[in-house]
>>> print(open('run36.cif').read())   # mmCIF, C-alpha atoms
data_input
loop_
_atom_site.label_atom_id
_atom_site.label_comp_id
_atom_site.auth_asym_id
_atom_site.auth_seq_id
_atom_site.Cartn_x
_atom_site.Cartn_y
_atom_site.Cartn_z
CA MET A 187 -12.31 39.70 -8.69
CA GLY A 188 -15.60 38.17 -9.59
CA GLN A 189 -17.40 34.94 -9.94
CA LEU A 190 -17.74 32.93 -13.13
CA TYR A 191 -20.47 30.33 -13.39
CA VAL A 192 -20.38 27.95 -16.34
CA GLU A 193 -22.78 25.21 -17.28
CA GLY A 194 -20.68 22.65 -19.07
CA ASP A 195 -16.94 22.45 -19.43
CA LEU A 196 -14.44 25.26 -19.26
CA ARG A 197 -10.92 25.57 -20.58
CA VAL A 198 -8.80 28.42 -19.26
CA ILE A 199 -5.79 29.54 -21.29
CA GLY A 200 -5.88 33.16 -20.19
CA THR A 201 -6.03 34.76 -16.78
CA VAL A 202 -8.96 34.53 -14.42
CA GLU A 203 -9.04 36.47 -11.19
CA GLY A 204 -12.00 35.24 -9.24
CA GLY A 205 -13.92 32.14 -8.51
CA LEU A 206 -15.00 29.46 -10.95
CA GLU A 207 -18.08 27.32 -10.58
CA VAL A 208 -18.48 24.74 -13.28
CA THR A 209 -21.03 21.97 -13.68
CA GLY A 210 -18.65 19.88 -15.79
CA SER A 211 -14.88 19.91 -15.98
CA VAL A 212 -12.27 22.65 -15.82
CA GLU A 213 -8.95 22.55 -17.57
CA ILE A 214 -6.25 25.11 -16.90
CA ASP A 215 -3.42 24.87 -19.37
CA GLY A 216 -1.52 26.67 -22.10
CA GLY A 217 -0.23 29.28 -19.68
CA GLY A 218 -3.64 29.67 -18.08
CA ARG A 219 -3.77 31.19 -14.61
CA VAL A 220 -6.59 31.15 -12.12
CA THR A 221 -6.51 33.03 -8.85
CA GLY A 222 -9.55 32.13 -6.82
CA PRO A 223 -11.57 29.19 -5.59
CA VAL A 224 -12.62 26.52 -8.07
CA THR A 225 -15.63 24.24 -7.80
CA ALA A 226 -16.21 21.60 -10.44
CA GLN A 227 -18.75 18.85 -10.26
CA ASP A 228 -16.62 16.62 -12.42
CA ARG A 229 -12.92 17.02 -12.99
CA LEU A 230 -10.27 19.68 -12.61
CA VAL A 231 -7.10 19.40 -14.65
CA VAL A 232 -4.15 21.70 -14.09
CA GLY A 233 -1.80 21.17 -17.01
CA ARG A 234 1.96 21.39 -16.91
CA SER A 235 1.93 25.06 -17.82
CA GLY A 236 -1.19 25.91 -15.82
CA SER A 237 -1.33 27.73 -12.52
CA LEU A 238 -4.00 27.72 -9.86
CA LEU A 239 -3.94 29.59 -6.58
CA GLY A 240 -7.08 28.94 -4.64
CA ASP A 241 -9.14 26.41 -2.78
CA VAL A 242 -10.53 23.54 -4.77
CA ARG A 243 -13.68 21.48 -4.39
CA VAL A 244 -13.97 18.85 -7.09
CA ALA A 245 -14.90 15.23 -7.67
CA ARG A 246 -11.71 14.35 -9.53
CA LEU A 247 -8.40 16.14 -9.64
CA VAL A 248 -5.48 15.81 -12.03
CA ILE A 249 -2.33 17.82 -11.61
CA GLN A 250 0.38 17.36 -14.17
CA ASP A 251 4.04 17.60 -13.36
CA GLY A 252 5.19 21.18 -13.74
CA ALA A 253 1.87 22.74 -12.82
CA THR A 254 1.67 25.36 -10.10
CA PHE A 255 -0.94 24.82 -7.46
CA SER A 256 -1.57 26.05 -3.98
CA GLY A 257 -4.69 25.82 -1.89
CA LYS A 258 -6.95 23.58 0.07
CA VAL A 259 -8.30 20.50 -1.69
CA SER A 260 -11.64 18.88 -0.86
CA MET A 261 -12.55 15.81 -2.82
CA GLY A 262 -15.22 13.20 -2.59
CA LYS A 263 -18.90 12.81 -3.13
CA GLN A 264 -19.84 15.91 -1.17
CA VAL A 265 -19.49 18.10 -4.26
CA GLU A 266 -23.01 19.37 -4.54
CA ALA A 267 -24.62 21.27 -7.35
CA PRO A 268 -24.01 24.95 -6.86
CA PRO A 269 -27.14 27.10 -6.85
CA LYS A 270 -27.96 28.20 -10.37
CA PRO A 271 -27.84 31.93 -10.78
CA VAL A 272 -30.44 33.03 -13.31
CA GLU A 273 -28.04 35.65 -14.65
CA ALA A 274 -25.84 32.99 -16.16
CA LYS A 275 -27.98 32.91 -19.29
CA ALA A 276 -27.80 36.62 -19.87
CA VAL A 277 -24.04 36.67 -20.22
CA GLU A 278 -23.54 36.52 -23.96
CA VAL A 279 -21.10 39.08 -25.17
CA PRO A 280 -21.27 39.05 -28.98
CA ALA A 281 -17.66 39.70 -29.94
CA PRO A 282 -14.52 38.53 -28.14
CA VAL A 283 -13.62 41.34 -25.80
CA ALA A 284 -9.97 41.92 -25.05
CA GLU A 285 -10.54 43.51 -21.67
CA PRO A 286 -8.77 42.17 -18.61
CA LEU A 287 -11.08 41.19 -15.82
CA LYS A 288 -11.88 44.19 -13.70
CA THR A 289 -15.01 44.57 -11.74
CA GLU A 290 -14.60 48.34 -11.58
CA GLU A 291 -15.24 48.56 -15.32
CA PRO A 292 -18.83 49.31 -16.13
CA VAL A 293 -20.48 46.22 -17.49
CA LYS A 294 -22.62 46.87 -20.54
CA ALA A 295 -25.30 44.31 -20.03
CA GLU A 296 -28.05 45.30 -17.65
CA THR A 297 -27.79 42.01 -15.86
CA PRO A 298 -28.00 41.69 -12.11
CA VAL A 299 -24.69 41.73 -10.32
CA ALA A 300 -23.55 38.19 -9.69
CA VAL A 301 -21.62 37.64 -12.91
CA ALA A 302 -19.64 40.76 -13.51
CA GLU A 303 -17.02 39.89 -16.10
CA PRO A 304 -17.26 40.08 -19.84
CA VAL A 305 -17.32 36.50 -21.00
CA THR A 306 -16.19 35.55 -24.47
CA THR A 307 -18.55 32.98 -25.73
CA PRO A 308 -17.55 31.73 -29.17
CA GLN A 309 -20.99 30.37 -29.96
CA PRO A 310 -24.24 30.83 -28.13
CA ALA A 311 -23.52 27.22 -27.19
CA LYS A 312 -26.86 25.87 -28.26
CA GLY A 313 -25.91 23.22 -30.74
CA GLN A 314 -22.60 22.05 -29.32
CA PRO A 315 -22.55 21.36 -25.65
CA ALA A 316 -19.53 19.11 -26.18
CA LYS A 317 -17.20 21.93 -27.09
CA PRO A 318 -15.78 23.70 -24.04
CA HIS A 319 -15.79 27.46 -23.86
CA GLN A 320 -12.50 29.11 -24.49
CA PHE A 321 -11.83 31.84 -22.03
CA GLN A 322 -9.29 34.27 -23.47
CA PRO A 323 -9.08 37.68 -21.87
CA LYS A 324 -6.29 38.97 -24.12
CA PRO A 325 -6.15 37.16 -27.42
CA PRO A 326 -4.09 39.56 -29.57
CA ASP A 327 -0.87 39.28 -27.58
CA ARG A 328 -0.81 35.62 -26.90
CA LYS A 329 1.45 34.69 -29.78
CA GLY A 330 3.79 37.61 -29.31
CA LYS A 331 5.18 36.37 -25.96
CA ARG A 332 5.24 39.58 -24.02
CA ARG A 333 7.09 38.21 -21.01
CA MET B 84 4.69 13.43 19.52
CA ASP B 85 3.74 10.59 21.81
CA VAL B 86 5.57 7.96 19.81
CA GLN B 87 9.07 7.69 21.14
CA GLU B 88 10.36 4.28 20.38
CA ALA B 89 10.45 2.38 17.14
CA VAL B 90 8.95 -1.08 17.28
CA ALA B 91 9.67 -3.12 14.20
CA GLU B 92 7.62 -6.25 14.12
CA SER B 93 9.45 -7.59 11.14
CA THR B 94 13.14 -7.78 10.45
CA PRO B 95 13.50 -5.14 7.81
CA VAL B 96 17.19 -5.63 7.15
CA ALA B 97 16.73 -9.30 6.46
CA SER B 98 13.74 -8.66 4.25
CA ALA B 99 15.64 -6.06 2.32
CA GLU B 100 18.44 -8.53 1.74
CA ASP B 101 15.93 -11.16 0.73
CA ASN B 102 14.63 -8.88 -1.94
CA GLY B 103 18.15 -8.23 -3.04
CA ASP B 104 17.67 -4.49 -3.13
CA ALA B 105 19.43 -3.50 0.02
CA LYS B 106 21.70 -1.33 -2.05
CA ARG B 107 20.92 0.41 -5.25
CA GLY B 108 23.69 2.49 -6.68
CA GLY B 109 25.26 2.84 -3.26
CA GLN B 110 21.98 4.03 -1.76
CA ARG B 111 20.55 1.98 1.08
CA LYS B 112 16.96 0.86 0.88
CA PHE B 113 14.57 -0.16 3.62
CA THR B 114 11.81 -2.39 2.34
CA MET B 115 8.63 -3.45 4.07
CA GLY B 116 6.48 -6.30 2.85
CA PRO B 117 2.68 -6.45 2.68
CA ASN B 118 2.48 -8.36 5.98
CA ASP B 119 4.87 -6.08 7.83
CA SER B 120 3.94 -3.48 10.36
CA LEU B 121 6.01 -0.62 11.71
CA GLU B 122 5.13 1.76 14.48
CA GLY B 123 7.21 4.63 15.76
CA LYS B 124 9.75 7.05 14.43
CA LEU B 125 12.00 6.08 11.57
CA VAL B 126 14.96 8.18 10.55
CA TYR B 127 16.70 6.62 7.60
CA GLU B 128 19.55 7.51 5.28
CA GLY B 129 18.41 6.07 1.99
CA ASP B 130 15.16 5.02 0.34
CA VAL B 131 12.16 3.52 2.08
CA HIS B 132 9.44 1.33 0.65
CA VAL B 133 6.35 1.26 2.86
CA ASP B 134 3.97 -1.64 2.60
CA GLY B 135 1.61 -3.35 5.03
CA HIS B 136 0.85 -0.99 7.85
CA ALA B 137 2.90 1.90 9.17
CA GLU B 138 2.25 4.40 11.90
CA GLY B 139 4.34 7.26 13.19
CA GLU B 140 6.90 9.59 11.77
CA PHE B 141 9.15 8.82 8.80
CA LYS B 142 12.12 11.02 8.01
CA VAL B 143 13.98 9.78 5.00
CA SER B 144 16.94 11.28 3.16
CA GLY B 145 16.10 9.57 -0.11
CA ASN B 146 12.81 8.60 -1.68
CA LEU B 147 9.81 7.13 0.05
CA ASP B 148 7.02 5.23 -1.62
CA VAL B 149 3.85 3.82 -0.17
CA ALA B 150 2.71 0.66 -1.90
CA GLN B 151 -0.77 0.05 -3.22
CA GLY B 152 -2.95 -1.70 -0.69
CA SER B 153 -0.99 -0.45 2.30
CA THR B 154 -2.29 1.84 5.01
CA ALA B 155 -0.15 4.41 6.70
CA ARG B 156 -0.83 6.95 9.41
CA ILE B 157 2.46 8.71 9.14
CA SER B 158 4.00 12.08 8.72
CA ILE B 159 6.51 11.92 5.91
CA GLU B 160 9.58 13.90 5.13
CA ALA B 161 11.59 12.75 2.13
CA ALA B 162 13.14 13.92 -1.11
CA ASN B 163 10.60 12.33 -3.42
CA VAL B 164 7.38 10.76 -2.21
CA THR B 165 5.21 8.41 -4.25
CA VAL B 166 1.87 7.33 -2.82
CA LYS B 167 -0.11 4.45 -4.28
CA GLY B 168 -1.81 3.35 -1.09
CA GLN B 169 -3.68 5.08 1.68
CA VAL B 170 -1.94 7.73 3.76
CA GLU B 171 -3.24 9.81 6.61
CA GLY B 172 -0.76 12.44 7.68
CA SER B 173 1.33 15.30 6.47
CA VAL B 174 3.76 15.06 3.59
CA ASN B 175 6.84 17.18 3.13
CA ALA B 176 8.60 16.37 -0.13
CA HIS B 177 11.74 18.36 -0.80
CA ASP B 178 11.34 17.66 -4.48
CA LYS B 179 8.28 15.91 -5.80
CA LEU B 180 5.12 14.21 -4.58
CA THR B 181 3.31 11.81 -6.88
CA LEU B 182 -0.16 10.46 -6.17
CA GLY B 183 -0.96 7.34 -8.16
CA LYS B 184 -4.40 6.58 -9.48
CA ASN B 185 -5.40 4.53 -6.44
CA ALA B 186 -3.83 6.81 -3.87
CA ARG B 187 -5.83 8.27 -1.02
CA LEU B 188 -4.12 10.98 0.92
CA SER B 189 -5.58 13.11 3.66
CA GLY B 190 -3.22 15.58 5.20
CA ASP B 191 -1.36 18.75 4.50
CA ILE B 192 1.28 18.84 1.81
CA VAL B 193 4.39 20.92 1.31
CA VAL B 194 6.15 20.17 -1.96
CA ARG B 195 8.21 21.67 -4.72
CA ARG B 196 6.51 19.72 -7.50
CA LEU B 197 3.24 17.88 -7.46
CA GLN B 198 1.72 15.33 -9.78
CA ILE B 199 -1.71 13.83 -9.24
CA GLU B 200 -3.04 11.12 -11.51
CA ASP B 201 -6.69 10.78 -12.38
CA GLY B 202 -8.46 8.67 -9.81
CA ALA B 203 -6.38 9.75 -6.85
CA SER B 204 -8.12 11.25 -3.86
CA LEU B 205 -6.72 14.13 -1.87
CA ASN B 206 -8.02 16.08 1.08
CA GLY B 207 -5.84 18.68 2.65
CA HIS B 208 -3.95 21.85 2.12
CA VAL B 209 -1.32 22.06 -0.60
CA ARG B 210 1.55 24.49 -0.50
CA MET B 211 4.13 24.63 -3.23
CA GLY B 212 7.55 25.77 -2.21
CA ASP B 213 8.41 28.11 -5.05
CA ILE B 214 5.01 29.71 -5.22
CA GLU B 215 5.63 32.63 -2.90
CA GLN B 216 7.54 34.64 -5.47
CA HIS B 217 4.60 34.58 -7.86
CA GLY B 218 1.99 35.40 -5.23
CA GLY B 219 -0.46 38.01 -6.45
#
>>> encode(input="run36.cif", output="structure tokens")
Amino acid sequence: MGQLYVEGDLRVIGTVEGGLEVTGSVEIDGGGRVTGPVTAQDRLVVGRSGSLLGDVRVARLVIQDGATFSGKVSMGKQVEAPPKPVEAKAVEVPAPVAEPLKTEEPVKAETPVAVAEPVTTPQPAKGQPAKPHQFQPKPPDRKGKRR
Amino acid sequence: MDVQEAVAESTPVASAEDNGDAKRGGQRKFTMGPNDSLEGKLVYEGDVHVDGHAEGEFKVSGNLDVAQGSTARISIEAANVTVKGQVEGSVNAHDKLTLGKNARLSGDIVVRRLQIEDGASLNGHVRMGDIEQHGG
């Protein structure tokens, strides 16, 4: 379990165990699973194959038929900007890492503690703020359907 | 529950017949109009269309929908529930709950399936029936 803070939008198609704090929108789809509280200043979308177990604090919420969702929902204007952790900038893991999220694993970067997971960032996200980050903890097996 | 007696200020049966939808495929339907008001406990075999103002406890064997522009302070139990208006109270949908884009719902929800359209507002706790087996 950990906490993931993202400036911008986030699309989850893997598994996240821990909280999400996003300044834009979150989309959970394509078999994505999130276990933990989610805060989004804009919109949260749980797609028909997405799953979310956790409390939600968002401005807008879309849940498609077929999605799995359980938790407490708070909506309205009281979604305030979460405090910006300075560490958020330091999390740039160069290559996509296929590790599942485990806080017990030693984290390479000598960042302070708040963001503990390896985060796969396709680009350093300087030029293209429009493109959401793709969060894929285990990319190699996704096509092979290991269920 | 302090509400013990149903007080229908309109004549729902007549209004349902006026709309010509008293029966739909053998299923009875109870229809309220935008100027109707219903207070109390309603137990109904069939579908219910809520409009105007409603207050109390609605237990419906079929589907229940709350029209846009209506206000309801009701606890709902039905097979399928569709909310397009404003509802304050708990919802227990044996199958599916749909919140339309203008819906405002505050209350706890127990459902099997849930669909929320963009623009809807929800405050409360959501529990999905078949979620326990996945838990963890």
>>> interface_residues(input="run36.cif", of="chain A", to="chain B", cutoff="8 Å", atoms="all atoms listed in the file", output="PyMOL selection string")
chain A and resi 246-262
>>> write_last_selection(input="run36.cif", atoms="C-alpha atoms", output="PDB file, in the frame of the given file")
ATOM      1  CA  ARG A 246     -11.710  14.350  -9.530  1.00  0.00           C
ATOM      2  CA  LEU A 247      -8.400  16.140  -9.640  1.00  0.00           C
ATOM      3  CA  VAL A 248      -5.480  15.810 -12.030  1.00  0.00           C
ATOM      4  CA  ILE A 249      -2.330  17.820 -11.610  1.00  0.00           C
ATOM      5  CA  GLN A 250       0.380  17.360 -14.170  1.00  0.00           C
ATOM      6  CA  ASP A 251       4.040  17.600 -13.360  1.00  0.00           C
ATOM      7  CA  GLY A 252       5.190  21.180 -13.740  1.00  0.00           C
ATOM      8  CA  ALA A 253       1.870  22.740 -12.820  1.00  0.00           C
ATOM      9  CA  THR A 254       1.670  25.360 -10.100  1.00  0.00           C
ATOM     10  CA  PHE A 255      -0.940  24.820  -7.460  1.00  0.00           C
ATOM     11  CA  SER A 256      -1.570  26.050  -3.980  1.00  0.00           C
ATOM     12  CA  GLY A 257      -4.690  25.820  -1.890  1.00  0.00           C
ATOM     13  CA  LYS A 258      -6.950  23.580   0.070  1.00  0.00           C
ATOM     14  CA  VAL A 259      -8.300  20.500  -1.690  1.00  0.00           C
ATOM     15  CA  SER A 260     -11.640  18.880  -0.860  1.00  0.00           C
ATOM     16  CA  MET A 261     -12.550  15.810  -2.820  1.00  0.00           C
ATOM     17  CA  GLY A 262     -15.220  13.200  -2.590  1.00  0.00           C
TER      18      GLY A 262
END
>>> residues_near_point(input="run36.cif", point="(3.5, 0.6, 12.5)", cutoff="6 Å", atoms="only C-alpha atoms", output="list in words")
Ser120, Leu121, Glu122, His136, Ala137 and Glu138 of chain B
>>> atom_distance(input="run36.cif", atom1="atom CA of A:Val192", atom2="atom CA of A:Thr209")
6.6 Å
>>> closest_residue(input="run36.cif", among="B:Leu188, B:Ser144, B:Asp178, B:Leu125", to="B:Arg156", atoms="only C-alpha atoms")
B:Leu188
>>> atom_distance(input="run36.cif", atom1="atom CA of A:Met187", atom2="atom CA of A:Leu238")
14.6 Å
>>> atom_distance(input="run36.cif", atom1="atom CA of B:Val131", atom2="atom CA of B:Ala162")
10.9 Å
>>> resolve_selection(input="run36.cif", expression="the PyMOL selection byres ((chain A and resi 218-229) around 8)", output="ChimeraX atom specification")
/A:198-212,214-217,230-231,235-248,265-267
>>> decode(input="run36.cif", residues="stretch 227-251 of chain A", atoms="N, CA and C atoms", output="mmCIF file, in the first residue's frame")
data_model
loop_
_atom_site.group_PDB
_atom_site.id
_atom_site.type_symbol
_atom_site.label_atom_id
_atom_site.label_comp_id
_atom_site.auth_asym_id
_atom_site.auth_seq_id
_atom_site.Cartn_x
_atom_site.Cartn_y
_atom_site.Cartn_z
ATOM 1 N N GLN A 227 -9.559 16.003 -8.659
ATOM 2 C CA GLN A 227 -10.175 17.326 -8.670
ATOM 3 C C GLN A 227 -11.155 17.482 -9.814
ATOM 4 N N ASP A 228 -10.994 16.659 -10.845
ATOM 5 C CA ASP A 228 -11.974 16.728 -11.920
ATOM 6 C C ASP A 228 -12.843 15.479 -11.906
ATOM 7 N N ARG A 229 -12.572 14.530 -12.748
ATOM 8 C CA ARG A 229 -13.532 13.471 -12.997
ATOM 9 C C ARG A 229 -12.918 12.106 -12.723
ATOM 10 N N LEU A 230 -13.737 11.215 -12.234
ATOM 11 C CA LEU A 230 -13.347 9.818 -12.084
ATOM 12 C C LEU A 230 -14.261 8.981 -12.957
ATOM 13 N N VAL A 231 -13.646 8.144 -13.795
ATOM 14 C CA VAL A 231 -14.422 7.247 -14.643
ATOM 15 C C VAL A 231 -14.020 5.819 -14.299
ATOM 16 N N VAL A 232 -14.996 5.003 -13.948
ATOM 17 C CA VAL A 232 -14.741 3.576 -13.780
ATOM 18 C C VAL A 232 -15.412 2.882 -14.954
ATOM 19 N N GLY A 233 -14.615 2.363 -15.848
ATOM 20 C CA GLY A 233 -15.132 1.729 -17.063
ATOM 21 C C GLY A 233 -15.771 0.389 -16.772
ATOM 22 N N ARG A 234 -16.364 -0.187 -17.836
ATOM 23 C CA ARG A 234 -17.151 -1.405 -17.621
ATOM 24 C C ARG A 234 -16.309 -2.576 -17.152
ATOM 25 N N SER A 235 -15.012 -2.539 -17.421
ATOM 26 C CA SER A 235 -14.178 -3.637 -16.924
ATOM 27 C C SER A 235 -13.256 -3.143 -15.804
ATOM 28 N N GLY A 236 -13.535 -1.977 -15.268
ATOM 29 C CA GLY A 236 -12.714 -1.450 -14.183
ATOM 30 C C GLY A 236 -13.274 -1.835 -12.827
ATOM 31 N N SER A 237 -12.417 -1.730 -11.820
ATOM 32 C CA SER A 237 -12.828 -2.094 -10.470
ATOM 33 C C SER A 237 -12.207 -1.125 -9.482
ATOM 34 N N LEU A 238 -13.011 -0.646 -8.585
ATOM 35 C CA LEU A 238 -12.514 0.299 -7.577
ATOM 36 C C LEU A 238 -13.127 -0.036 -6.227
ATOM 37 N N LEU A 239 -12.256 -0.328 -5.274
ATOM 38 C CA LEU A 239 -12.696 -0.543 -3.905
ATOM 39 C C LEU A 239 -12.042 0.530 -3.053
ATOM 40 N N GLY A 240 -12.808 1.486 -2.637
ATOM 41 C CA GLY A 240 -12.239 2.543 -1.822
ATOM 42 C C GLY A 240 -13.123 3.766 -1.836
ATOM 43 N N ASP A 241 -12.860 4.641 -0.892
ATOM 44 C CA ASP A 241 -13.659 5.859 -0.798
ATOM 45 C C ASP A 241 -13.240 6.840 -1.877
ATOM 46 N N VAL A 242 -14.194 7.624 -2.313
ATOM 47 C CA VAL A 242 -13.991 8.476 -3.468
ATOM 48 C C VAL A 242 -14.377 9.905 -3.134
ATOM 49 N N ARG A 243 -13.497 10.829 -3.511
ATOM 50 C CA ARG A 243 -13.814 12.254 -3.360
ATOM 51 C C ARG A 243 -13.477 12.919 -4.686
ATOM 52 N N VAL A 244 -14.491 13.269 -5.432
ATOM 53 C CA VAL A 244 -14.286 13.789 -6.781
ATOM 54 C C VAL A 244 -15.297 14.891 -7.069
ATOM 55 N N ALA A 245 -15.043 15.614 -8.160
ATOM 56 C CA ALA A 245 -16.013 16.613 -8.595
ATOM 57 C C ALA A 245 -17.080 15.971 -9.472
ATOM 58 N N ARG A 246 -16.647 15.085 -10.368
ATOM 59 C CA ARG A 246 -17.605 14.404 -11.237
ATOM 60 C C ARG A 246 -17.303 12.914 -11.206
ATOM 61 N N LEU A 247 -18.340 12.135 -11.348
ATOM 62 C CA LEU A 247 -18.178 10.687 -11.259
ATOM 63 C C LEU A 247 -18.974 10.022 -12.364
ATOM 64 N N VAL A 248 -18.315 9.117 -13.078
ATOM 65 C CA VAL A 248 -18.997 8.309 -14.093
ATOM 66 C C VAL A 248 -18.698 6.858 -13.792
ATOM 67 N N ILE A 249 -19.751 6.069 -13.690
ATOM 68 C CA ILE A 249 -19.565 4.636 -13.519
ATOM 69 C C ILE A 249 -20.333 3.941 -14.625
ATOM 70 N N GLN A 250 -19.616 3.172 -15.412
ATOM 71 C CA GLN A 250 -20.282 2.497 -16.524
ATOM 72 C C GLN A 250 -20.851 1.168 -16.052
ATOM 73 N N ASP A 251 -21.879 0.750 -16.767
ATOM 74 C CA ASP A 251 -22.536 -0.504 -16.419
ATOM 75 C C ASP A 251 -21.527 -1.644 -16.536
#
